[in-house]
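Just below is one structure, and these are the notes that go with it.
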Amino acid sequence: MLPYDVEPLARRAANGDPQALEGLLHAIRPEVLRRCARFLPNREDAEDAAQEVLLHVARKIGTFEGRSLFSTWLHTVIANDARQKYRELKRRAAERSALHEAAVCRADPHTTSVIVGSRLDLLEALEQLERDHAGLVAPLVYRDLCQMDYAEVAERTGLPLGTVKSRLHAGRKYVRQWMRDNA
């Protein structure tokens with residue numbers, strides 16, 4: 001949960017106040033790390049992703065217009081950056097695997113996040129869902145991984161509430177089936 005004073009800090013930071021930006025980054029860091037850990041179970045991977053999110057916020061805070069809550073904007077940044085980190089780890093693991101296919105290697109803790117765990121099966125399922133039904137991904141990520149309420153998801157995606165619920169249902173059904181088929 002973000003501290004109560006984050007919204008005014010975010011507005012001031014978006015308007016160019018460097019002290020507000022510093023305070024904002026300090027205030028959101030624990031929540032950013034906690035949310036990144038939902039995507040990436042390996043602590044170091046989650047910390048790397050959290051650092052990327054904080055850099056992204058620092059660089060792009062000027063694009064925050066205040067039309068929605070800062071927390072909604074931040075959750076979108078977290079979801080996108082954590083998924084990007086996962087893709088990067090997956091790509092690196094695949095490259096390493098191709099290079100060392102014949103050799104038996106000890107697990108590298110930095111690629112463990114892309115090898116084990118049901119959360120990672122979920123990320124694989126989300127990647128497949130994105131390929132097959134891209135419109136179902138955002139509601140599922142925002143609601144189930146970022147834990148936004150339905151109204152926030154509707155606001156963030158620009159979809160009517162009924163459409164959000166329908167897409168969320170379809171996305172969950174797809175992911176459950178994919179995970180069953182690939183277990």
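Identifiers in this document derive from the order of the structure tokens: chains are assigned A, B, ..., residues are numbered from 1 separately in each chain, and ligands are numbered from 1 in order of occurrence.
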
Determine which residues of segment 31-179 of chain A DSSP labels as helix (DSSP H, G or I) from the backbone of this structure, then write them out as a ChimeraX atom specification. /A:31-39,43-63,70-99,112-114,118-132,134-145,150-157,161-179

File dump, residues just selected, C-alpha atoms, as a short mmCIF file (atom, residue, chain, number, x, y, z; two decimals), in the first residue's frame:
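Final output, saved to selection.cif:
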```cif
data_model
loop_
_atom_site.label_atom_id
_atom_site.label_comp_id
_atom_site.auth_asym_id
_atom_site.auth_seq_id
_atom_site.Cartn_x
_atom_site.Cartn_y
_atom_site.Cartn_z
CA GLU A 31 5.67 -0.99 -2.60
CA VAL A 32 7.46 -1.14 -5.96
CA LEU A 33 9.70 -3.94 -4.68
CA ARG A 34 6.74 -5.82 -3.20
CA ARG A 35 4.80 -5.62 -6.45
CA CYS A 36 7.81 -6.61 -8.59
CA ALA A 37 8.23 -9.67 -6.36
CA ARG A 38 4.71 -10.75 -7.41
CA PHE A 39 6.01 -11.09 -10.96
CA ARG A 43 14.66 -11.61 -4.84
CA GLU A 44 17.54 -10.27 -6.96
CA ASP A 45 15.40 -10.26 -10.09
CA ALA A 46 12.62 -8.42 -8.26
CA GLU A 47 15.13 -5.89 -6.93
CA ASP A 48 16.53 -5.33 -10.43
CA ALA A 49 13.02 -4.82 -11.79
CA ALA A 50 12.18 -2.46 -8.92
CA GLN A 51 15.27 -0.40 -9.71
CA GLU A 52 14.19 -0.20 -13.34
CA VAL A 53 10.73 0.95 -12.25
CA LEU A 54 12.19 3.68 -10.05
CA LEU A 55 14.42 4.86 -12.91
CA HIS A 56 11.42 4.80 -15.23
CA VAL A 57 9.39 6.86 -12.77
CA ALA A 58 12.25 9.36 -12.35
CA ARG A 59 12.63 9.75 -16.12
CA LYS A 60 8.95 9.80 -17.04
CA ILE A 61 7.27 11.51 -14.07
CA GLY A 62 6.71 14.54 -16.30
CA THR A 63 4.29 12.45 -18.38
CA PHE A 70 -0.56 8.27 -9.41
CA SER A 71 -0.92 4.78 -7.92
CA THR A 72 -2.77 3.67 -11.06
CA TRP A 73 -0.04 5.13 -13.28
CA LEU A 74 2.64 3.51 -11.11
CA HIS A 75 1.00 0.07 -11.20
CA THR A 76 1.02 0.21 -14.98
CA VAL A 77 4.73 1.08 -15.00
CA ILE A 78 5.44 -1.75 -12.54
CA ALA A 79 3.48 -4.31 -14.56
CA ASN A 80 5.15 -3.33 -17.83
CA ASP A 81 8.69 -3.11 -16.43
CA ALA A 82 8.44 -6.37 -14.44
CA ARG A 83 7.11 -8.23 -17.47
CA GLN A 84 9.91 -6.72 -19.56
CA LYS A 85 12.47 -7.89 -16.99
CA TYR A 86 10.97 -11.38 -17.17
CA ARG A 87 11.26 -11.39 -20.97
CA GLU A 88 14.87 -10.24 -20.71
CA LEU A 89 15.72 -13.00 -18.21
CA LYS A 90 13.94 -15.57 -20.34
CA ARG A 91 15.85 -14.46 -23.45
CA ARG A 92 19.18 -14.60 -21.58
CA ALA A 93 18.37 -18.04 -20.18
CA ALA A 94 17.51 -19.30 -23.67
CA GLU A 95 20.76 -17.88 -25.09
CA ARG A 96 22.78 -19.47 -22.29
CA SER A 97 20.94 -22.74 -22.74
CA ALA A 98 21.77 -22.78 -26.44
CA LEU A 99 25.45 -22.13 -25.69
CA THR A 112 15.94 -19.01 -11.66
CA SER A 113 12.96 -16.70 -12.00
CA VAL A 114 12.45 -17.86 -15.55
CA SER A 118 3.93 -21.21 -10.76
CA ARG A 119 4.19 -17.42 -10.99
CA LEU A 120 6.46 -17.94 -13.93
CA ASP A 121 4.05 -20.37 -15.47
CA LEU A 122 1.57 -17.53 -15.16
CA LEU A 123 3.95 -15.16 -16.97
CA GLU A 124 4.37 -17.74 -19.73
CA ALA A 125 0.59 -18.03 -19.96
CA LEU A 126 0.31 -14.24 -20.15
CA GLU A 127 2.81 -14.14 -22.99
CA GLN A 128 0.78 -16.74 -24.89
CA LEU A 129 -2.43 -14.86 -24.10
CA GLU A 130 -0.83 -11.69 -25.45
CA ARG A 131 -0.04 -13.50 -28.71
CA ASP A 132 -3.50 -15.05 -29.02
CA ALA A 134 -3.92 -9.24 -26.67
CA GLY A 135 -7.01 -7.39 -25.44
CA LEU A 136 -7.42 -9.78 -22.52
CA VAL A 137 -3.98 -9.19 -20.99
CA ALA A 138 -4.28 -5.70 -19.50
CA PRO A 139 -7.42 -6.35 -17.44
CA LEU A 140 -5.93 -9.58 -16.11
CA VAL A 141 -2.58 -8.01 -15.20
CA TYR A 142 -4.11 -4.93 -13.61
CA ARG A 143 -6.74 -6.81 -11.59
CA ASP A 144 -4.99 -10.04 -10.59
CA LEU A 145 -1.33 -9.04 -10.42
CA TYR A 150 -12.46 -2.97 -11.19
CA ALA A 151 -13.07 0.77 -11.49
CA GLU A 152 -9.32 1.48 -11.67
CA VAL A 153 -8.89 -1.21 -14.33
CA ALA A 154 -11.74 0.31 -16.35
CA GLU A 155 -10.23 3.77 -16.01
CA ARG A 156 -6.74 2.58 -16.93
CA THR A 157 -7.84 0.56 -19.96
CA LEU A 161 -16.77 -1.86 -16.44
CA GLY A 162 -18.81 -4.70 -17.97
CA THR A 163 -16.22 -5.17 -20.72
CA VAL A 164 -13.43 -5.26 -18.13
CA LYS A 165 -15.24 -7.99 -16.19
CA SER A 166 -15.96 -9.95 -19.35
CA ARG A 167 -12.36 -9.75 -20.54
CA LEU A 168 -11.08 -10.61 -17.11
CA HIS A 169 -13.28 -13.71 -17.03
CA ALA A 170 -12.14 -14.77 -20.51
CA GLY A 171 -8.48 -14.10 -19.68
CA ARG A 172 -8.64 -16.11 -16.44
CA LYS A 173 -10.33 -18.99 -18.27
CA TYR A 174 -7.65 -18.95 -20.98
CA VAL A 175 -4.79 -18.83 -18.44
CA ARG A 176 -6.27 -21.65 -16.33
CA GLN A 177 -6.62 -23.84 -19.41
CA TRP A 178 -3.12 -23.00 -20.64
CA MET A 179 -1.63 -23.82 -17.24
#
```

Write out as a ChimeraX atom specification the residues lying within 7 Å of Leu24 of chain A, counting only C-alpha atoms and excluding same-chain residues fewer than 3 positions away. /A:6,9-10,20-21,27-28

For atom CA of Glu7 of chain A and atom CA of Leu25 of chain A, quote the distance in Å rounded to one decimal. 12.1 Å

For atom CA of Tyr4 of chain A and atom CA of Gly16 of chain A, quote the distance in Å rounded to one decimal. 20.6 Å
